[in-house]
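Next up, structure03.pdb (PDB, C-alpha atoms and all ligand atoms):
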MODEL        1
ATOM      1  CA  MET A1460       0.000   0.000   0.000  1.00  0.00           C
ATOM      2  CA  GLU A1461       2.808   2.398   0.918  1.00  0.00           C
ATOM      3  CA  GLU A1462       4.284   2.189  -2.593  1.00  0.00           C
ATOM      4  CA  LYS A1463       0.954   2.978  -4.240  1.00  0.00           C
ATOM      5  CA  VAL A1464       0.368   5.980  -2.015  1.00  0.00           C
ATOM      6  CA  LYS A1465       3.889   7.283  -2.617  1.00  0.00           C
ATOM      7  CA  ALA A1466       3.375   6.923  -6.378  1.00  0.00           C
ATOM      8  CA  ILE A1467       0.185   9.002  -6.118  1.00  0.00           C
ATOM      9  CA  ILE A1468       2.027  11.685  -4.122  1.00  0.00           C
ATOM     10  CA  GLN A1469       4.809  11.785  -6.705  1.00  0.00           C
ATOM     11  CA  LYS A1470       2.269  12.165  -9.502  1.00  0.00           C
ATOM     12  CA  TYR A1471       1.467  15.557  -7.996  1.00  0.00           C
ATOM     13  CA  GLY A1472       5.135  16.511  -7.678  1.00  0.00           C
ATOM     14  CA  SER A1473       5.018  15.972  -3.904  1.00  0.00           C
ATOM     15  CA  ASP A1474       3.248  19.346  -3.658  1.00  0.00           C
ATOM     16  CA  ARG A1475       1.132  19.537  -0.491  1.00  0.00           C
ATOM     17  CA  GLY A1476      -1.078  22.085  -2.276  1.00  0.00           C
ATOM     18  CA  PHE A1477      -2.578  19.069  -4.037  1.00  0.00           C
ATOM     19  CA  LEU A1478      -3.668  17.421  -0.814  1.00  0.00           C
ATOM     20  CA  VAL A1479      -7.333  17.048  -1.799  1.00  0.00           C
ATOM     21  CA  PRO A1480      -6.606  15.556  -5.270  1.00  0.00           C
ATOM     22  CA  ILE A1481      -4.099  13.207  -3.611  1.00  0.00           C
ATOM     23  CA  LEU A1482      -6.738  12.074  -1.122  1.00  0.00           C
ATOM     24  CA  GLN A1483      -9.223  11.680  -3.991  1.00  0.00           C
ATOM     25  CA  ASP A1484      -6.796   9.428  -5.857  1.00  0.00           C
ATOM     26  CA  VAL A1485      -6.120   7.359  -2.749  1.00  0.00           C
ATOM     27  CA  GLN A1486      -9.864   7.026  -2.181  1.00  0.00           C
ATOM     28  CA  LYS A1487     -10.280   5.932  -5.808  1.00  0.00           C
ATOM     29  CA  GLU A1488      -7.496   3.383  -5.498  1.00  0.00           C
ATOM     30  CA  PHE A1489      -8.721   1.744  -2.284  1.00  0.00           C
ATOM     31  CA  ASN A1490     -12.413   2.799  -2.256  1.00  0.00           C
ATOM     32  CA  TYR A1491     -11.719   4.523   1.059  1.00  0.00           C
ATOM     33  CA  LEU A1492      -8.878   6.247   2.901  1.00  0.00           C
ATOM     34  CA  PRO A1493      -7.029   3.527   4.793  1.00  0.00           C
ATOM     35  CA  ARG A1494      -5.298   4.579   8.022  1.00  0.00           C
ATOM     36  CA  GLU A1495      -1.967   3.385   6.608  1.00  0.00           C
ATOM     37  CA  ALA A1496      -2.358   5.640   3.568  1.00  0.00           C
ATOM     38  CA  ILE A1497      -3.160   8.618   5.806  1.00  0.00           C
ATOM     39  CA  ASN A1498       0.016   7.871   7.786  1.00  0.00           C
ATOM     40  CA  VAL A1499       2.113   7.863   4.592  1.00  0.00           C
ATOM     41  CA  ILE A1500       0.641  11.209   3.488  1.00  0.00           C
ATOM     42  CA  SER A1501       1.141  12.650   6.955  1.00  0.00           C
ATOM     43  CA  SER A1502       4.810  11.695   7.139  1.00  0.00           C
ATOM     44  CA  SER A1503       5.513  12.627   3.503  1.00  0.00           C
ATOM     45  CA  PHE A1504       4.258  16.193   3.949  1.00  0.00           C
ATOM     46  CA  GLY A1505       4.742  16.671   7.674  1.00  0.00           C
ATOM     47  CA  ILE A1506       1.007  17.324   7.980  1.00  0.00           C
ATOM     48  CA  PRO A1507      -0.439  16.382  11.386  1.00  0.00           C
ATOM     49  CA  LEU A1508      -2.790  13.407  11.338  1.00  0.00           C
ATOM     50  CA  SER A1509      -5.475  15.533  13.002  1.00  0.00           C
ATOM     51  CA  ARG A1510      -5.473  17.919  10.031  1.00  0.00           C
ATOM     52  CA  LEU A1511      -5.733  15.055   7.547  1.00  0.00           C
ATOM     53  CA  PHE A1512      -8.642  13.538   9.438  1.00  0.00           C
ATOM     54  CA  ALA A1513     -10.317  16.956   9.541  1.00  0.00           C
ATOM     55  CA  VAL A1514     -10.069  17.201   5.736  1.00  0.00           C
ATOM     56  CA  ALA A1515     -11.187  13.601   5.273  1.00  0.00           C
ATOM     57  CA  THR A1516     -14.280  14.078   7.412  1.00  0.00           C
ATOM     58  CA  PHE A1517     -15.142  17.501   5.934  1.00  0.00           C
ATOM     59  CA  TYR A1518     -15.649  16.201   2.404  1.00  0.00           C
ATOM     60  CA  LYS A1519     -18.529  13.781   2.019  1.00  0.00           C
ATOM     61  CA  ALA A1520     -16.764  12.091  -0.905  1.00  0.00           C
ATOM     62  CA  PHE A1521     -14.151  10.669   1.473  1.00  0.00           C
ATOM     63  CA  SER A1522     -14.673   7.643   3.617  1.00  0.00           C
ATOM     64  CA  LEU A1523     -12.488   6.467   6.459  1.00  0.00           C
ATOM     65  CA  THR A1524     -14.125   3.055   6.484  1.00  0.00           C
ATOM     66  CA  PRO A1525     -13.969   0.492   3.663  1.00  0.00           C
ATOM     67  CA  ARG A1526     -16.601   0.945   0.987  1.00  0.00           C
ATOM     68  CA  GLY A1527     -17.983  -1.495  -1.505  1.00  0.00           C
ATOM     69  CA  ARG A1528     -16.860  -1.849  -5.091  1.00  0.00           C
ATOM     70  CA  HIS A1529     -20.384  -0.841  -6.083  1.00  0.00           C
ATOM     71  CA  GLN A1530     -21.945   2.269  -4.556  1.00  0.00           C
ATOM     72  CA  ILE A1531     -25.722   2.221  -4.498  1.00  0.00           C
ATOM     73  CA  SER A1532     -27.485   5.389  -3.379  1.00  0.00           C
ATOM     74  CA  LEU A1533     -31.222   5.888  -3.207  1.00  0.00           C
ATOM     75  CA  CYS A1534     -32.633   9.397  -3.124  1.00  0.00           C
ATOM     76  CA  VAL A1535     -35.103   9.778  -0.279  1.00  0.00           C
ATOM     77  CA  GLY A1536     -35.735  13.498  -0.737  1.00  0.00           C
ATOM     78  CA  THR A1537     -39.360  14.649  -0.595  1.00  0.00           C
ATOM     79  CA  ALA A1538     -40.130  14.330  -4.316  1.00  0.00           C
ATOM     80  CA  CYS A1539     -38.635  10.843  -4.497  1.00  0.00           C
ATOM     81  CA  HIS A1540     -40.239   9.865  -1.197  1.00  0.00           C
ATOM     82  CA  VAL A1541     -43.754  10.582  -2.493  1.00  0.00           C
ATOM     83  CA  ARG A1542     -42.919   8.630  -5.638  1.00  0.00           C
ATOM     84  CA  GLN A1543     -42.367   5.362  -3.809  1.00  0.00           C
ATOM     85  CA  ALA A1544     -38.697   5.638  -2.879  1.00  0.00           C
ATOM     86  CA  PRO A1545     -39.439   3.931   0.484  1.00  0.00           C
ATOM     87  CA  ILE A1546     -40.689   0.834  -1.356  1.00  0.00           C
ATOM     88  CA  ILE A1547     -37.487   0.725  -3.404  1.00  0.00           C
ATOM     89  CA  GLY A1548     -35.521   1.250  -0.202  1.00  0.00           C
ATOM     90  CA  ASP A1549     -37.201  -1.712   1.501  1.00  0.00           C
ATOM     91  CA  HIS A1550     -36.495  -3.837  -1.540  1.00  0.00           C
ATOM     92  CA  LEU A1551     -32.819  -2.816  -1.615  1.00  0.00           C
ATOM     93  CA  GLU A1552     -32.397  -3.507   2.095  1.00  0.00           C
ATOM     94  CA  ARG A1553     -33.950  -6.941   1.715  1.00  0.00           C
ATOM     95  CA  THR A1554     -32.001  -7.857  -1.407  1.00  0.00           C
ATOM     96  CA  LEU A1555     -28.634  -6.455  -0.393  1.00  0.00           C
ATOM     97  CA  LYS A1556     -29.174  -7.376   3.260  1.00  0.00           C
ATOM     98  CA  LEU A1557     -27.823  -3.950   4.143  1.00  0.00           C
ATOM     99  CA  LYS A1558     -29.151  -0.942   6.011  1.00  0.00           C
ATOM    100  CA  PRO A1559     -28.400   2.544   4.682  1.00  0.00           C
ATOM    101  CA  GLY A1560     -24.758   3.365   5.382  1.00  0.00           C
ATOM    102  CA  ASP A1561     -23.701  -0.284   5.441  1.00  0.00           C
ATOM    103  CA  THR A1562     -21.121  -2.082   3.315  1.00  0.00           C
ATOM    104  CA  SER A1563     -21.335  -5.791   2.592  1.00  0.00           C
ATOM    105  CA  SER A1564     -18.708  -7.943   4.288  1.00  0.00           C
ATOM    106  CA  ASP A1565     -17.332  -9.031   0.891  1.00  0.00           C
ATOM    107  CA  LEU A1566     -16.832  -5.316   0.080  1.00  0.00           C
ATOM    108  CA  GLU A1567     -18.969  -5.622  -3.046  1.00  0.00           C
ATOM    109  CA  TYR A1568     -21.751  -3.184  -2.125  1.00  0.00           C
ATOM    110  CA  THR A1569     -22.221  -0.020  -0.141  1.00  0.00           C
ATOM    111  CA  TYR A1570     -25.815   1.097   0.223  1.00  0.00           C
ATOM    112  CA  GLU A1571     -26.790   4.558   1.346  1.00  0.00           C
ATOM    113  CA  THR A1572     -29.634   7.001   1.123  1.00  0.00           C
ATOM    114  CA  VAL A1573     -29.173  10.588   0.017  1.00  0.00           C
ATOM    115  CA  ASN A1574     -31.343  13.673  -0.063  1.00  0.00           C
ATOM    116  CA  CYS A1575     -32.423  15.428  -3.241  1.00  0.00           C
ATOM    117  CA  VAL A1576     -29.882  15.015  -6.016  1.00  0.00           C
ATOM    118  CA  GLY A1577     -31.542  17.654  -8.181  1.00  0.00           C
ATOM    119  CA  ALA A1578     -33.449  15.417 -10.562  1.00  0.00           C
ATOM    120  CA  CYS A1579     -36.832  15.441  -8.782  1.00  0.00           C
ATOM    121  CA  ALA A1580     -38.892  15.336 -12.000  1.00  0.00           C
ATOM    122  CA  LEU A1581     -37.365  11.945 -12.767  1.00  0.00           C
ATOM    123  CA  GLY A1582     -37.817  10.516  -9.274  1.00  0.00           C
ATOM    124  CA  PRO A1583     -37.460   8.201  -7.650  1.00  0.00           C
ATOM    125  CA  ILE A1584     -33.750   8.273  -8.400  1.00  0.00           C
ATOM    126  CA  LEU A1585     -31.269   5.476  -7.798  1.00  0.00           C
ATOM    127  CA  MET A1586     -27.577   6.160  -8.307  1.00  0.00           C
ATOM    128  CA  VAL A1587     -25.333   3.238  -9.003  1.00  0.00           C
ATOM    129  CA  ASN A1588     -21.612   3.838  -9.245  1.00  0.00           C
ATOM    130  CA  GLY A1589     -22.310   7.483 -10.011  1.00  0.00           C
ATOM    131  CA  GLU A1590     -24.838   6.804 -12.760  1.00  0.00           C
ATOM    132  CA  TYR A1591     -28.388   8.165 -12.334  1.00  0.00           C
ATOM    133  CA  HIS A1592     -31.363   5.897 -12.921  1.00  0.00           C
ATOM    134  CA  GLY A1593     -34.690   7.733 -12.980  1.00  0.00           C
ATOM    135  CA  GLN A1594     -38.277   6.578 -12.398  1.00  0.00           C
ATOM    136  CA  ILE A1595     -36.832   3.574 -10.689  1.00  0.00           C
ATOM    137  CA  THR A1596     -39.072   0.584 -10.036  1.00  0.00           C
ATOM    138  CA  ILE A1597     -38.425  -2.741  -8.365  1.00  0.00           C
ATOM    139  CA  ALA A1598     -38.113  -4.362 -11.792  1.00  0.00           C
ATOM    140  CA  LYS A1599     -35.549  -1.760 -12.923  1.00  0.00           C
ATOM    141  CA  THR A1600     -33.690  -2.109  -9.626  1.00  0.00           C
ATOM    142  CA  ASN A1601     -33.486  -5.866 -10.067  1.00  0.00           C
ATOM    143  CA  LYS A1602     -32.194  -5.488 -13.606  1.00  0.00           C
ATOM    144  CA  ILE A1603     -29.427  -3.162 -12.367  1.00  0.00           C
ATOM    145  CA  LEU A1604     -28.521  -5.437  -9.450  1.00  0.00           C
ATOM    146  CA  LYS A1605     -28.368  -8.482 -11.714  1.00  0.00           C
ATOM    147  CA  LYS A1606     -26.024  -6.594 -14.042  1.00  0.00           C
ATOM    148  CA  LEU A1607     -23.747  -5.994 -11.055  1.00  0.00           C
ATOM    149  CA  GLY A1608     -23.740  -9.732 -10.419  1.00  0.00           C
ATOM    150  CA  LYS A1609     -26.162  -9.692  -7.486  1.00  0.00           C
ATOM    151  CA  LYS A1610     -28.511 -12.614  -7.129  1.00  0.00           C
ATOM    152  CA  VAL A1611     -32.049 -11.247  -6.838  1.00  0.00           C
ATOM    153  CA  GLU A1612     -34.516 -13.325  -4.831  1.00  0.00           C
ATOM    154  CA  PHE A1613     -37.434 -10.933  -4.662  1.00  0.00           C
ATOM    155  CA  ASP A1614     -38.937 -10.091  -8.023  1.00  0.00           C
ATOM    156  CA  GLU A1615     -42.098  -8.032  -8.395  1.00  0.00           C
TER     157      GLU A1615
HETATM  158  S1  LIG A1701     -35.984  14.485  -4.149  1.00  0.00           S
HETATM  159 FE1  LIG A1701     -34.938  12.933  -5.257  1.00  0.00          FE
HETATM  160  S2  LIG A1701     -34.025  14.058  -6.842  1.00  0.00           S
HETATM  161 FE2  LIG A1701     -35.027  15.596  -5.722  1.00  0.00          FE
ENDMDL
END

Re-express the file's structure as structure tokens.
Ligand code: FES
Amino acid sequence: MEEKVKAIIQKYGSDRGFLVPILQDVQKEFNYLPREAINVISSSFGIPLSRLFAVATFYKAFSLTPRGRHQISLCVGTACHVRQAPIIGDHLERTLKLKPGDTSSDLEYTYETVNCVGACALGPILMVNGEYHGQITIAKTNKILKKLGKKVEFDE
């Protein structure tokens, strides 16, 4: 891990001004910010760990705990809520066997709920690995999950 993190730092010319892009690349590489990676960045730049953790917790895009290879986010904002998002949410919880905020033990899936993502007219919205899926139904959800390799037991 240390080598990979050092290579990322070098990519930015070891310039501490690029701290956020460096953290973004580390997050992309490991799907989260491992403690060991934070230590390498801290010692490379002489930045206190407390400052790095402050940055990592400030930006929602960073995670200090392992995240799944596939990120599944259901919008539960008002417009999506009234368009049956809770039913999709129940289905996702049952199928993935995860509660919002959880990651599967095989690190395949992270499931979370989010508030309005700005596409209310197309609600309910499901985001999978950054891609928006509008007017989501249980059938559409199952199709997406199957594409990701998830066995779906509960069809409509
Ligand atoms: S409430 Fe879901 S996109 Fe706005």

Please identify every polymer residue within 9 Å of ligand LIG 1701 (chain A), using all atoms listed in the file, and present the set as JSON, numbers by chain.
{"A": [1533, 1534, 1535, 1536, 1537, 1538, 1539, 1540, 1541, 1544, 1573, 1574, 1575, 1576, 1577, 1578, 1579, 1580, 1581, 1582, 1583, 1584, 1585, 1593]}

Hey, what's within 6 Å of range 1558-1572 of chain A if we count only C-alpha atoms and toss same-chain stuff fewer than 6 positions away? As a PyMOL selection string, please?
chain A and resi 1526-1534+1552

Min atom-atom distance to Ile1468 in chain A from the set A:Leu1557, A:Gln1486, A:Arg1494, A:Ile1500, counting all atoms listed in the file, belongs to A:Ile1500

Let me have the centre and edge lengths of the axis-aligned box enclosing all listed atoms of range 1523-1534 of chain A with 5 Å padding on every side, in Å to one decimal, as AutoDock Vina command-line options.
--center_x -22.6 --center_y 3.8 --center_z 0.2 --size_x 30.1 --size_y 21.2 --size_z 22.6

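Between CA of Thr1524 in chain A and CA of Ile1467 in chain A lies a distance of 20.0 Å.
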
Do a neighbour search on Glu1612 in chain A at 10 Å with only C-alpha atoms, toss out local chain neighbours closer than 4 positions, and write the hits as a PDB file with C-alpha atoms, in the frame of the given file.
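Listing of part.pdb after writing:
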ATOM      1  CA  ARG A1553     -33.950  -6.941   1.715  1.00  0.00           C
ATOM      2  CA  THR A1554     -32.001  -7.857  -1.407  1.00  0.00           C
ATOM      3  CA  ASN A1601     -33.486  -5.866 -10.067  1.00  0.00           C
TER       4      ASN A1601
END

Atom pair CA of Lys1602 in chain A / CA of His1550 in chain A: separation (Å)
12.9 Å

Atom pair CA of Tyr1491 in chain A + CA of Ala1520 in chain A, distance 9.3 Å

Which residues are near Tyr1518 in chain A? Cut-off 12 Å, only C-alpha atoms, ignore same chain within fewer than 6 positions. Put them as number ranges by chain.
A: 1479-1480, 1482-1483, 1486, 1511-1512

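The smallest atom-to-atom distance between Val1464 in chain A and any of A:Pro1545, A:Pro1493, A:Leu1551, A:Pro1507, using all atoms listed in the file, is found for A:Pro1493.
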
With distances taken over only C-alpha atoms, the candidate from A:Asn1498, A:Ser1473, A:Asn1490, A:Thr1596 nearest Asp1549 in chain A is A:Thr1596

So which residues are close to (-1.9, 7.5, -0.2), meaning at most 8 Å away in the file's coordinates with all atoms listed in the file counted, and can you show them as a list in words?
Met1460, Glu1461, Lys1463, Val1464, Lys1465, Ile1467, Ile1468, Ile1481, Leu1482, Asp1484, Val1485, Leu1492, Glu1495, Ala1496, Ile1497, Val1499 and Ile1500 of chain A

The selected residues should be written to file as a PDB file, in the coordinates of the input (atoms: C-alpha atoms).
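So result13.pdb came out as:
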ATOM      1  CA  MET A1460       0.000   0.000   0.000  1.00  0.00           C
ATOM      2  CA  GLU A1461       2.808   2.398   0.918  1.00  0.00           C
ATOM      3  CA  LYS A1463       0.954   2.978  -4.240  1.00  0.00           C
ATOM      4  CA  VAL A1464       0.368   5.980  -2.015  1.00  0.00           C
ATOM      5  CA  LYS A1465       3.889   7.283  -2.617  1.00  0.00           C
ATOM      6  CA  ILE A1467       0.185   9.002  -6.118  1.00  0.00           C
ATOM      7  CA  ILE A1468       2.027  11.685  -4.122  1.00  0.00           C
ATOM      8  CA  ILE A1481      -4.099  13.207  -3.611  1.00  0.00           C
ATOM      9  CA  LEU A1482      -6.738  12.074  -1.122  1.00  0.00           C
ATOM     10  CA  ASP A1484      -6.796   9.428  -5.857  1.00  0.00           C
ATOM     11  CA  VAL A1485      -6.120   7.359  -2.749  1.00  0.00           C
ATOM     12  CA  LEU A1492      -8.878   6.247   2.901  1.00  0.00           C
ATOM     13  CA  GLU A1495      -1.967   3.385   6.608  1.00  0.00           C
ATOM     14  CA  ALA A1496      -2.358   5.640   3.568  1.00  0.00           C
ATOM     15  CA  ILE A1497      -3.160   8.618   5.806  1.00  0.00           C
ATOM     16  CA  VAL A1499       2.113   7.863   4.592  1.00  0.00           C
ATOM     17  CA  ILE A1500       0.641  11.209   3.488  1.00  0.00           C
TER      18      ILE A1500
END

Could you tell me which residues the PyMOL selection byres (((chain A and resi 1598) around 12) and not hetatm) grabs in this file, written as an MDAnalysis selection string?
chainID A and resid 1546:1547 1550:1551 1594:1597 1599:1605 1611:1615

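Using only C-alpha atoms, the shortest contact distance between Ser1502 in chain A and any of A:Lys1556, A:Met1586, A:Arg1475, A:Thr1516 is found at A:Arg1475.
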
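Using all atoms listed in the file, the nearest neighbour of Leu1607 in chain A within the list A:Leu1523, A:Val1587, A:Val1514, A:His1592 is A:Val1587.
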